[in-house]
$ cat coords_33.txt   # compact mmCIF, C-alpha atoms
# COMPACT_ATOMS: atom_id res chain seq x y z
CA MET A 1449 0.00 0.00 0.00
CA GLU A 1450 1.41 3.37 -0.98
CA GLN A 1451 1.64 5.67 2.00
CA ASP A 1452 0.95 9.38 2.25
CA ARG A 1453 4.25 11.13 1.56
CA ALA A 1454 3.76 13.60 4.42
CA ASN A 1455 3.26 10.72 6.85
CA ILE A 1456 6.53 8.98 5.98
CA HIS A 1457 8.74 12.03 5.46
CA ILE A 1458 11.39 12.80 8.07
CA ASP A 1459 12.18 16.50 8.31
CA SER A 1460 14.81 18.22 10.46
CA ALA A 1461 12.45 18.61 13.42
CA THR A 1462 11.54 14.92 13.36
CA SER A 1463 15.23 14.04 13.04
CA ASN A 1464 16.02 16.09 16.15
CA ASN A 1465 13.12 14.46 18.00
CA PHE A 1466 14.48 11.02 17.16
CA PHE A 1467 17.96 12.09 18.37
CA GLU A 1468 16.51 13.23 21.72
CA TRP A 1469 14.31 10.11 21.96
CA THR A 1470 17.35 7.81 21.64
CA SER A 1471 19.07 9.64 24.55
CA LEU A 1472 22.45 9.55 22.81
CA ASN A 1473 25.32 11.00 24.87
CA LEU A 1474 26.82 13.39 22.34
CA GLN A 1475 29.97 13.99 24.35
CA SER A 1476 30.80 10.31 24.71
CA VAL A 1477 29.88 9.42 21.15
CA THR A 1478 32.12 12.19 19.74
CA TRP A 1479 35.09 11.62 22.11
CA GLN A 1480 34.38 14.53 24.38
CA GLY A 1481 33.16 16.66 21.49
CA HIS A 1482 36.28 16.42 19.31
CA PHE A 1483 34.27 14.91 16.39
CA GLN A 1484 30.92 16.53 17.21
CA ASP A 1485 30.63 18.38 13.90
CA ASP A 1486 31.36 15.23 11.91
CA PHE A 1487 28.80 13.25 13.87
CA LEU A 1488 26.05 15.88 13.50
CA GLU A 1489 26.80 16.09 9.79
CA PHE A 1490 26.51 12.32 9.60
CA TRP A 1491 23.19 12.38 11.49
CA ARG A 1492 21.68 15.05 9.24
CA ALA A 1493 22.85 13.28 6.08
CA LEU A 1494 21.30 10.04 7.32
CA PHE A 1495 17.95 11.20 8.73
CA GLU A 1496 17.02 14.72 7.62
CA ASN A 1497 14.80 15.52 4.61
CA ALA A 1498 14.36 11.91 3.55
CA GLU A 1499 11.55 9.41 3.42
CA ILE A 1500 11.42 6.43 5.74
CA PRO A 1501 12.10 3.79 2.99
CA ILE A 1502 15.24 5.70 1.96
CA ILE A 1503 16.51 5.89 5.54
CA PHE A 1504 16.05 2.16 6.06
CA ARG A 1505 17.86 1.50 2.77
CA ARG A 1506 20.81 3.67 3.92
CA LEU A 1507 21.01 1.84 7.24
CA GLU A 1508 20.95 -1.50 5.47
CA ILE A 1509 23.87 -0.50 3.25
CA LEU A 1510 25.92 0.71 6.22
CA ILE A 1511 25.24 -2.49 8.15
CA SER A 1512 26.19 -4.67 5.19
CA HIS A 1513 29.36 -2.61 4.65
CA ILE A 1514 30.59 -2.96 8.26
CA LYS A 1515 29.53 -6.63 8.70
CA ILE A 1516 31.12 -7.21 12.16
CA GLY A 1517 32.42 -5.36 15.18
CA PRO A 1518 31.07 -2.71 17.60
CA LEU A 1519 30.04 -0.38 14.79
CA TYR A 1520 27.96 -3.15 13.27
CA THR A 1521 26.18 -3.68 16.62
CA TRP A 1522 25.62 0.07 17.03
CA PHE A 1523 24.00 0.46 13.60
CA VAL A 1524 21.75 -2.58 14.18
CA TRP A 1525 20.70 -1.00 17.47
CA LEU A 1526 20.07 2.35 15.76
CA ARG A 1527 17.91 0.70 13.05
CA SER A 1528 15.83 -1.10 15.71
CA LYS A 1529 15.23 2.17 17.60
CA PHE A 1530 14.27 3.98 14.41
CA LEU A 1531 11.82 1.18 13.57
CA ILE A 1532 10.06 1.51 16.94
CA PHE A 1533 10.12 5.31 16.67
CA CYS A 1534 8.32 5.15 13.31
CA PHE A 1535 5.69 2.79 14.69
CA ILE A 1536 4.96 5.04 17.66
CA TYR A 1537 5.09 8.51 16.09
CA LYS A 1538 4.23 7.96 12.41
CA ASP A 1539 0.92 6.09 12.83
CA LEU A 1540 1.97 3.15 10.67
CA THR A 1541 0.50 -0.34 10.86
CA LEU A 1542 2.79 -3.31 11.33
CA LEU A 1543 2.10 -4.40 7.73
CA GLU A 1544 2.90 -0.93 6.35
CA LEU A 1545 6.05 -0.70 8.42
CA SER A 1546 7.24 -4.09 7.16
CA HIS A 1547 6.53 -3.05 3.57
CA ILE A 1548 8.44 0.26 3.62
CA SER A 1549 11.35 -1.01 5.73
CA LYS A 1550 11.77 -4.38 3.92
CA ILE A 1551 12.10 -6.00 7.35
CA PRO A 1552 10.10 -9.22 7.99
CA MET A 1553 7.03 -8.69 10.13
CA SER A 1554 8.11 -11.44 12.51
CA THR A 1555 11.31 -9.48 13.28
CA ILE A 1556 9.34 -6.27 13.83
CA VAL A 1557 6.85 -7.96 16.18
CA PHE A 1558 9.66 -9.63 18.14
CA ASP A 1559 11.59 -6.36 18.65
CA LEU A 1560 8.43 -4.45 19.52
CA ARG A 1561 7.23 -7.03 22.06
CA LEU A 1562 10.66 -7.16 23.73
CA PHE A 1563 10.88 -3.35 23.86
CA LEU A 1564 7.37 -2.81 25.30
CA ILE A 1565 7.75 -5.57 27.90
CA LYS A 1566 10.96 -3.95 29.15
CA THR A 1567 9.16 -0.62 29.32
CA PHE A 1568 5.94 -2.00 30.88
CA PRO A 1569 6.88 -5.25 32.62
CA ALA A 1570 3.56 -5.32 34.52
CA LYS A 1571 1.64 -5.54 31.26
CA GLU A 1572 3.61 -8.47 29.84
CA GLU A 1573 0.63 -10.81 29.60
CA GLN A 1574 -1.61 -8.25 27.85
CA LEU A 1575 1.17 -7.24 25.46
CA THR A 1576 1.90 -10.87 24.58
CA GLU A 1577 -1.77 -11.53 23.89
CA LEU A 1578 -2.12 -8.40 21.75
CA LEU A 1579 1.03 -9.13 19.70
CA HIS A 1580 0.35 -12.82 19.25
CA PHE A 1581 0.14 -13.65 15.53
CA PRO A 1582 -1.46 -17.02 14.70
CA HIS A 1583 -0.43 -16.46 11.06
CA MET A 1584 0.99 -13.66 8.94
CA ALA A 1585 -2.38 -12.98 7.29
CA SER A 1586 -4.02 -12.23 10.65
CA ASP A 1587 -5.96 -9.01 11.18
CA LYS A 1588 -3.37 -8.09 13.82
CA ALA A 1589 -1.04 -7.18 10.99
CA HIS A 1590 -3.02 -3.91 10.84
CA LEU A 1591 -2.28 -2.97 14.46
CA ARG A 1592 -1.29 0.66 15.08
CA PHE A 1593 0.24 2.19 18.18
CA CYS A 1594 -3.11 3.77 19.07
CA ASP A 1595 -4.48 0.26 19.60
CA PHE A 1596 -2.22 -0.05 22.67
CA SER A 1597 -4.09 2.78 24.40
CA GLN A 1598 -6.58 0.19 25.67
CA LEU A 1599 -3.73 -1.12 27.82
CA GLY A 1600 -3.02 2.38 29.19
CA ILE A 1601 0.14 2.84 27.10
CA GLN A 1602 0.86 6.34 25.83
CA ALA A 1603 3.69 7.65 23.67
CA GLU A 1604 4.84 10.10 26.34
CA GLN A 1605 5.72 7.17 28.60
CA ILE A 1606 8.12 5.57 26.16
CA TRP A 1607 11.82 6.29 25.62
CA ALA A 1608 14.30 4.37 23.56
CA VAL A 1609 16.68 3.61 26.43
CA HIS A 1610 15.97 1.61 29.55
CA GLY A 1611 18.52 2.25 32.28
CA ASP A 1612 22.18 2.16 31.31
CA ASP A 1613 22.51 1.26 27.66
CA PRO A 1614 26.14 1.16 26.44
CA MET A 1615 25.02 1.94 22.87
CA THR A 1616 24.16 5.54 23.88
CA SER A 1617 27.80 6.25 24.86
CA LEU A 1618 29.76 4.16 22.32
CA GLU A 1619 32.62 6.25 20.87
CA ILE A 1620 31.87 5.41 17.29
CA THR A 1621 33.94 8.30 15.86
CA LEU A 1622 37.19 6.68 17.07
CA TYR A 1623 36.86 3.51 14.98
CA PRO A 1624 38.88 3.30 11.75
CA GLU A 1625 35.76 2.62 9.71
CA TRP A 1626 34.18 5.89 10.76
CA GLU A 1627 35.82 8.04 8.07
CA THR A 1628 34.76 5.58 5.35
CA ILE A 1629 31.20 5.59 6.68
CA LEU A 1630 31.10 9.39 6.75
CA ARG A 1631 32.31 9.69 3.15
CA SER A 1632 29.86 7.00 1.97
CA ILE A 1633 26.83 8.59 3.60
CA LYS A 1634 27.77 12.02 2.20
CA THR A 1635 28.33 10.86 -1.41
CA LYS A 1636 27.34 7.53 -2.89
CA THR A 1637 24.91 6.33 -0.23
CA LYS A 1638 23.02 9.60 -0.07
CA LYS A 1639 22.80 10.42 -3.80
CA GLU A 1640 22.74 7.29 -5.92
CA LEU A 1641 20.72 5.11 -3.59
CA ASP A 1642 18.22 7.85 -2.87
CA ARG A 1643 17.29 7.98 -6.56
CA GLU A 1644 16.85 4.21 -6.66
CA VAL A 1645 14.59 4.16 -3.59
CA HIS A 1646 12.55 7.11 -4.89
CA LYS A 1647 11.96 5.26 -8.14
CA ASN A 1648 10.94 2.01 -6.45
CA PHE A 1649 8.76 3.74 -3.90
CA SER A 1650 6.87 5.70 -6.59
CA GLN A 1651 5.36 2.44 -7.86
CA SER A 1652 2.14 1.58 -6.13
CA PHE A 1653 1.31 -1.74 -4.60
CA PHE A 1654 -1.47 -2.25 -7.16
CA VAL A 1655 0.80 -1.75 -10.16
CA LYS A 1656 3.27 -4.33 -8.83
CA TYR A 1657 0.56 -6.90 -8.36
CA VAL A 1658 -0.84 -6.28 -11.86
CA ILE A 1659 2.63 -6.76 -13.34
CA HIS A 1660 3.10 -9.99 -11.38
CA LEU A 1661 -0.31 -11.21 -12.53
CA ILE A 1662 0.51 -10.52 -16.19
CA ILE A 1663 3.84 -12.31 -15.91
CA LEU A 1664 2.22 -15.32 -14.25
CA THR A 1665 -0.48 -15.40 -16.96
CA ILE A 1666 2.10 -15.37 -19.75
CA VAL A 1667 4.24 -18.02 -18.08
CA GLY A 1668 1.18 -20.19 -17.39
CA SER A 1669 0.03 -19.93 -21.02
CA LEU A 1670 3.47 -20.92 -22.26
CA VAL A 1671 3.53 -23.91 -19.92
CA ILE A 1672 0.06 -25.05 -21.08
CA PHE A 1673 1.03 -24.64 -24.75
CA LEU A 1674 4.25 -26.58 -24.16
CA LEU A 1675 2.39 -29.40 -22.42
CA GLN A 1676 -0.12 -29.64 -25.29
CA TYR A 1677 2.69 -29.76 -27.85
CA LEU A 1678 4.56 -32.44 -25.90
CA SER A 1679 1.34 -34.44 -25.54
CA LYS A 1680 0.70 -34.39 -29.31
CA TYR A 1681 4.31 -35.21 -30.06
CA ASN A 1682 4.23 -38.14 -27.63
CA GLU A 1683 1.00 -39.37 -29.24
CA MET A 1684 2.62 -39.28 -32.68
CA VAL A 1685 5.67 -41.18 -31.40
CA LEU A 1686 3.48 -43.86 -29.83
CA ALA A 1687 1.38 -44.15 -33.00
CA GLU A 1688 4.50 -44.76 -35.08
CA GLN A 1689 5.55 -47.58 -32.77
CA PHE A 1690 2.38 -49.59 -33.51
CA GLU A 1691 1.70 -51.25 -36.87
CA VAL A 1692 -1.64 -52.80 -37.82
CA TYR A 1693 -1.28 -55.65 -40.29
CA GLU A 1694 -4.22 -56.38 -42.59
CA PRO A 1695 -4.69 -58.15 -45.92
CA GLN A 1696 -3.71 -55.98 -48.89
CA PHE A 1697 -6.03 -56.66 -51.85
CA THR A 1698 -4.73 -55.48 -55.18
CA TRP A 1699 -7.35 -57.10 -57.36
CA LEU A 1700 -8.78 -55.55 -60.49
CA ASP A 1701 -11.74 -53.19 -60.56
CA LYS A 1702 -14.79 -55.17 -61.65
CA GLY A 1703 -16.19 -52.08 -63.36
CA LEU A 1704 -13.74 -52.62 -66.25
CA VAL A 1705 -14.59 -55.07 -69.03
CA TYR A 1706 -11.16 -55.88 -70.44
CA LYS A 1707 -7.61 -55.06 -69.43
CA ASP A 1708 -4.32 -55.72 -71.15
CA LYS A 1709 -2.36 -58.69 -69.88
CA LEU A 1710 0.86 -56.62 -69.71
CA ASN A 1711 -0.52 -54.65 -66.73
CA LEU A 1712 -1.49 -57.70 -64.71
CA ALA A 1713 1.74 -58.97 -63.20
CA GLU A 1714 -0.01 -60.37 -60.14
CA SER A 1715 -2.74 -61.94 -62.28
CA ASP A 1716 -0.09 -63.70 -64.37
CA LYS A 1717 1.15 -65.36 -61.23
CA PHE A 1718 -2.33 -66.71 -60.56
CA LYS A 1719 -2.58 -67.88 -64.21
CA ASN A 1720 0.65 -69.82 -63.92
CA THR A 1721 -0.73 -71.55 -60.86
CA PHE A 1722 -3.79 -72.68 -62.85
CA ASP A 1723 -1.58 -73.84 -65.72
CA GLU A 1724 0.36 -76.11 -63.40
CA ILE A 1725 -2.82 -77.56 -61.89
CA GLU A 1726 -4.44 -78.03 -65.31
CA GLN A 1727 -1.42 -79.92 -66.64
CA ILE A 1728 -1.93 -82.43 -63.86
CA THR A 1729 -5.73 -82.71 -64.03
CA SER A 1730 -6.23 -82.61 -67.79
CA ARG A 1731 -4.68 -86.06 -68.18
CA ASP A 1732 -7.27 -87.65 -65.93
CA ILE A 1733 -10.62 -86.64 -67.43
CA GLU A 1734 -12.87 -89.68 -67.13
CA ASP A 1735 -16.24 -88.36 -68.22
CA TYR A 1736 -15.28 -87.47 -71.77
CA THR A 1737 -13.60 -89.75 -74.35
CA ASN A 1738 -14.17 -88.01 -77.70
CA LEU A 1739 -10.79 -86.28 -77.98
CA GLU A 1740 -9.64 -84.30 -80.98
CA GLU A 1741 -6.18 -84.39 -82.33
CA GLU A 1742 -3.60 -82.40 -80.44
CA ARG A 1743 -3.22 -78.81 -81.51
CA PHE A 1744 -0.14 -76.67 -81.28
CA ASP A 1745 -1.54 -73.23 -82.11
CA THR A 1746 -1.18 -70.35 -79.57
CA GLU A 1747 -4.04 -70.17 -77.08
CA SER A 1748 -5.71 -66.82 -76.39
CA GLU A 1749 -6.41 -65.68 -72.86
CA VAL A 1750 -8.33 -62.65 -71.60
CA VAL A 1751 -8.96 -61.36 -68.14
CA LEU A 1752 -12.68 -60.85 -67.56
CA THR A 1753 -13.72 -58.42 -64.88
CA SER A 1754 -17.44 -58.53 -65.69
CA TRP A 1755 -19.53 -61.68 -65.89
CA ASP A 1756 -22.39 -59.86 -67.70
CA ALA A 1757 -20.85 -60.55 -71.13
CA ILE A 1758 -20.12 -64.24 -70.52
CA PRO A 1759 -23.21 -65.80 -72.21
CA LYS A 1760 -22.86 -63.62 -75.29
CA GLU A 1761 -19.19 -64.50 -75.65
CA ILE A 1762 -19.97 -68.19 -75.33
CA GLU A 1763 -22.64 -68.09 -78.06
CA GLU A 1764 -20.51 -66.07 -80.51
CA SER A 1765 -17.45 -68.20 -79.93
CA ASP A 1766 -19.32 -71.46 -80.54
CA ALA A 1767 -21.05 -70.15 -83.66
CA MET A 1768 -17.95 -68.76 -85.34
CA ASP A 1769 -15.51 -71.55 -84.46
CA PRO A 1770 -14.72 -73.44 -87.80
CA ALA A 1771 -13.81 -76.51 -85.82
CA ASN A 1772 -17.43 -76.81 -84.69
CA ARG A 1773 -18.79 -76.81 -88.29
CA GLU A 1774 -18.87 -79.69 -90.85
CA GLY A 1775 -20.60 -79.51 -94.31
CA GLY A 1776 -22.07 -76.06 -93.75
CA PHE A 1777 -23.93 -76.83 -90.52
CA ARG A 1778 -22.94 -76.64 -86.88
CA ASP A 1779 -21.62 -79.83 -85.34
CA ILE A 1780 -23.01 -80.30 -81.89
CA SER A 1781 -21.27 -83.58 -81.25
CA THR A 1782 -18.39 -81.77 -79.60
CA GLY A 1783 -18.51 -78.91 -77.12
CA SER A 1784 -16.78 -75.59 -76.87
CA LYS A 1785 -13.07 -75.37 -76.09
CA LYS A 1786 -13.64 -72.33 -73.92
CA ILE A 1787 -12.54 -72.55 -70.28
CA PHE A 1788 -12.99 -70.15 -67.37
CA ARG A 1789 -10.50 -69.87 -64.55
CA LEU A 1790 -11.53 -68.11 -61.37
CA MET A 1791 -9.00 -67.05 -58.71
CA MET A 1792 -10.21 -66.25 -55.19
CA LYS A 1793 -8.55 -65.21 -51.94
CA SER A 1794 -10.03 -66.09 -48.58
CA VAL A 1795 -8.99 -65.98 -44.95
CA VAL A 1796 -11.50 -68.80 -44.26
CA PRO A 1797 -11.10 -71.20 -47.22
CA LEU A 1798 -13.16 -73.93 -45.49
CA THR A 1799 -16.21 -71.65 -45.29
CA THR A 1800 -15.76 -70.53 -48.89
CA ARG A 1801 -15.42 -74.19 -49.98
CA GLU A 1802 -18.73 -75.07 -48.31
CA GLU A 1803 -20.58 -72.18 -50.01
CA ILE A 1804 -19.26 -73.16 -53.45
CA SER A 1805 -20.13 -76.82 -52.81
CA LYS A 1806 -23.74 -75.76 -52.17
CA LEU A 1807 -23.81 -74.05 -55.57
CA VAL A 1808 -22.33 -77.19 -57.19
CA ALA A 1809 -25.14 -79.27 -55.77
CA LYS A 1810 -27.76 -76.65 -56.70
CA TYR A 1811 -26.85 -76.57 -60.41
CA LYS A 1812 -26.00 -80.30 -60.64
CA ILE A 1813 -22.44 -79.60 -61.65
CA VAL A 1814 -20.09 -82.53 -62.20
CA LYS A 1815 -16.37 -82.75 -61.55
CA GLY A 1816 -13.93 -82.35 -64.41
CA ASP A 1817 -11.27 -84.82 -63.29
CA LYS A 1818 -10.85 -87.87 -61.11
CA HIS A 1819 -10.38 -85.84 -57.95
CA GLU A 1820 -13.20 -84.96 -55.59
CA ILE A 1821 -14.85 -81.57 -55.87
CA GLY A 1822 -13.12 -79.06 -53.57
CA THR A 1823 -9.83 -80.92 -53.22
CA PHE A 1824 -7.33 -79.55 -50.73
CA VAL A 1825 -3.95 -78.78 -52.28
CA PRO A 1826 -0.95 -76.96 -50.78
CA GLY A 1827 -1.96 -73.33 -50.30
CA GLY A 1828 -5.73 -73.64 -50.69
CA VAL A 1829 -8.68 -75.48 -52.30
CA TYR A 1830 -9.08 -76.51 -55.96
CA PHE A 1831 -12.29 -77.06 -58.00
CA ASN A 1832 -12.34 -78.63 -61.49
CA LEU A 1833 -15.95 -78.44 -62.73
CA PHE A 1834 -18.12 -78.93 -65.82
CA VAL A 1835 -20.96 -76.38 -65.54
CA PRO A 1836 -24.06 -76.56 -67.73
CA LYS A 1837 -23.84 -73.80 -70.32
CA GLU A 1838 -27.24 -72.33 -69.46
CA TYR A 1839 -26.19 -71.92 -65.76
CA THR A 1840 -22.64 -70.68 -66.33
CA LYS A 1841 -23.40 -66.99 -65.97
CA GLU A 1842 -25.65 -67.49 -62.96
CA PHE A 1843 -23.12 -69.79 -61.29
CA LEU A 1844 -20.18 -67.43 -61.82
CA ALA A 1845 -22.23 -64.46 -60.62
CA GLN A 1846 -23.02 -66.22 -57.35
CA VAL A 1847 -19.36 -67.22 -56.91
CA PHE A 1848 -18.41 -63.56 -57.38
CA ASP A 1849 -20.82 -62.66 -54.56
CA ILE A 1850 -19.04 -65.04 -52.19
CA GLY A 1851 -15.78 -63.07 -52.36
CA GLU A 1852 -13.48 -60.89 -54.43
CA SER A 1853 -12.35 -62.84 -57.51
CA VAL A 1854 -10.35 -62.57 -60.73
CA LEU A 1855 -11.80 -64.34 -63.80
CA TYR A 1856 -9.83 -65.55 -66.85
CA GLU A 1857 -11.16 -66.80 -70.19
CA SER A 1858 -9.02 -69.03 -72.45
CA LYS A 1859 -9.14 -71.95 -74.87
CA THR A 1860 -7.56 -75.34 -74.55
CA SER A 1861 -6.74 -78.13 -77.01
CA ILE A 1862 -9.29 -80.44 -75.35
CA PRO A 1863 -12.95 -79.59 -76.08
CA ASN A 1864 -15.55 -79.56 -73.34
CA PRO A 1865 -18.40 -82.05 -73.25
CA PRO A 1866 -21.44 -80.91 -75.27
CA GLY A 1867 -23.56 -78.34 -73.43
CA LYS A 1868 -21.01 -77.78 -70.66
CA ILE A 1869 -18.34 -75.21 -69.86
CA ARG A 1870 -15.26 -76.09 -67.91
CA VAL A 1871 -14.68 -73.87 -64.84
CA LEU A 1872 -11.55 -74.05 -62.66
CA ILE A 1873 -11.75 -72.41 -59.24
CA TRP A 1874 -8.71 -71.87 -57.04
CA ILE A 1875 -9.28 -70.61 -53.47
CA LYS A 1876 -6.00 -69.29 -52.13
CA ASN A 1877 -5.59 -69.24 -48.37
CA ILE A 1878 -4.34 -65.90 -46.98

$ encode --input "coords_33.txt" --output "structure tokens"
Amino acid sequence: MEQDRANIHIDSATSNNFFEWTSLNLQSVTWQGHFQDDFLEFWRALFENAEIPIIFRRLEILISHIKIGPLYTWFVWLRSKFLIFCFIYKDLTLLELSHISKIPMSTIVFDLRLFLIKTFPAKEEQLTELLHFPHMASDKAHLRFCDFSQLGIQAEQIWAVHGDDPMTSLEITLYPEWETILRSIKTKTKKELDREVHKNFSQSFFVKYVIHLIILTIVGSLVIFLLQYLSKYNEMVLAEQFEVYEPQFTWLDKGLVYKDKLNLAESDKFKNTFDEIEQITSRDIEDYTNLEEERFDTESEVVLTSWDAIPKEIEESDAMDPANREGGFRDISTGSKKIFRLMMKSVVPLTTREEISKLVAKYKIVKGDKHEIGTFVPGGVYFNLFVPKEYTKEFLAQVFDIGESVLYESKTSIPNPPGKIRVLIWIKNI
């Protein structure tokens, strides 16, 4: 709290009153008056025409400069007397006095209690009760000297010295440090430090608290922002340490009708797998004995991604194939040489096998080799089927619904039985 300047200013009259109140023996202090002028000059430079915060700052510098010895004790004594003098005659609360003197309130209360008990020993119990602080935020921090009037204590009854006090007669002017102290208080201590204290004292209590609040707000915001950034960074680091493995399907888009074989590297791998299986199973066909002579021409193969065009392709291929015509009419004694190969991937091949087996039974499809329908081979399940031509599209459509598939169309040297289309299904376990 900023005090009224008139209330904390020490003029020459107040300085003289404080000198009389301390009961200093001027003759003894100045070695029988030999250094009286120097001492009075020192006293005026220290106490006259200055504000209380400045005087306390000067005393603090002198005490810190001397550090030890009788002079150190004398200046500590002088500061304590000046503190009590300000409390009694300047109408300051204990909290205000602690603020302007920069002395802890506990030290002020201790010195004041000890001083008043020595002055009024009969009132020790009342003084102890009045100056008892349960905590530093107690209302008693706002005690003034007028509050002691209820105990019958008046300012006129109080003097700084009780009995014989050696500090009132200490010959301070004879000590070697005295000349240094006198020069310091007349030059540096009085001029430079006075400006510093004036500047600090001109700032109000409210302004200081607002500045502290702003600083704390900025620091708190920075801490919160830093914590949020570290939290996000830690989340990213943890996310990079975990990997979720899932099947990667790179199959063709079924919305396309045809696609060049050169862009289907993965599909070629599936085709080669069917070629190997067909080489084994084509030698064991039992249900068909009308074989044509072996052909060595290049077989065509197309990847079909739509089953909608399958029936049309079958009809056109059978009608335009010269091998199926004799004497200007179509020969129906032999079937088409068209074959469909269907590649599937499944994480549950057993379930997929059962669903396809139901379709086989539904459309009365027969096996195309000596092996059982849905034979287990290394890496999956294999179907070699002869599907009735009228059900081929419907059958393939329902197989497509079971799972993602890749369909190939090709021709072989061995014709199919009349009215049937050969379909090879390979379910790869993933």

$ closest_residue --input "coords_33.txt" --among "A:Glu1619, A:Ser1794, A:Leu1664, A:Phe1834" --to "Gln1480 of chain A" --atoms "all atoms listed in the file"
A:Glu1619

$ residues_around --input "coords_33.txt" --residues "Asn1464 of chain A" --least-positions-apart "5" --cutoff "12 Å" --atoms "all atoms listed in the file" --output "list in words"
Ile1458, Asp1459, Trp1469, Thr1470, Ser1471, Leu1472, Leu1488, Trp1491, Arg1492, Leu1494, Phe1495, Glu1496 and Asn1497 of chain A

$ write_last_selection --input "coords_33.txt" --atoms "C-alpha atoms" --output "CSV table (one decimal), keeping the file's coordinate frame"
chain,number,residue,atom,x,y,z
A,1458,ILE,CA,11.4,12.8,8.1
A,1459,ASP,CA,12.2,16.5,8.3
A,1469,TRP,CA,14.3,10.1,22.0
A,1470,THR,CA,17.4,7.8,21.6
A,1471,SER,CA,19.1,9.6,24.6
A,1472,LEU,CA,22.4,9.6,22.8
A,1488,LEU,CA,26.0,15.9,13.5
A,1491,TRP,CA,23.2,12.4,11.5
A,1492,ARG,CA,21.7,15.0,9.2
A,1494,LEU,CA,21.3,10.0,7.3
A,1495,PHE,CA,18.0,11.2,8.7
A,1496,GLU,CA,17.0,14.7,7.6
A,1497,ASN,CA,14.8,15.5,4.6

$ atom_distance --input "coords_33.txt" --atom1 "atom CA of Val1609 of chain A" --atom2 "atom CA of Glu1577 of chain A"
24.0 Å

$ closest_residue --input "coords_33.txt" --among "A:Thr1799, A:Thr1621, A:Ser1632, A:Thr1462" --to "Phe1483 of chain A" --atoms "only C-alpha atoms"
A:Thr1621

$ residues_around --input "coords_33.txt" --residues "segment 1533-1549 of chain A" --least-positions-apart "6" --cutoff "9 Å" --atoms "all atoms listed in the file" --output "ChimeraX atom specification"
/A:1449-1451,1455-1456,1466,1469,1500-1505,1556-1557,1588-1594,1603,1608,1649

$ atom_distance --input "coords_33.txt" --atom1 "atom CA of Asp1612 of chain A" --atom2 "atom CA of His1482 of chain A"
23.4 Å

$ residues_around --input "coords_33.txt" --residues "Lys1837 of chain A" --least-positions-apart "4" --cutoff "7 Å" --atoms "only C-alpha atoms" --output "PyMOL selection string"
chain A and resi 1867-1869

$ closest_residue --input "coords_33.txt" --among "A:Val1671, A:Ile1629, A:Ile1659, A:Val1814" --to "His1513 of chain A" --atoms "only C-alpha atoms"
A:Ile1629

$ atom_distance --input "coords_33.txt" --atom1 "atom CA of Phe1568 of chain A" --atom2 "atom CA of Ser1463 of chain A"
25.7 Å

$ closest_residue --input "coords_33.txt" --among "A:Ile1666, A:Leu1507, A:Val1829, A:Ile1787" --to "Pro1863 of chain A" --atoms "all atoms listed in the file"
A:Ile1787
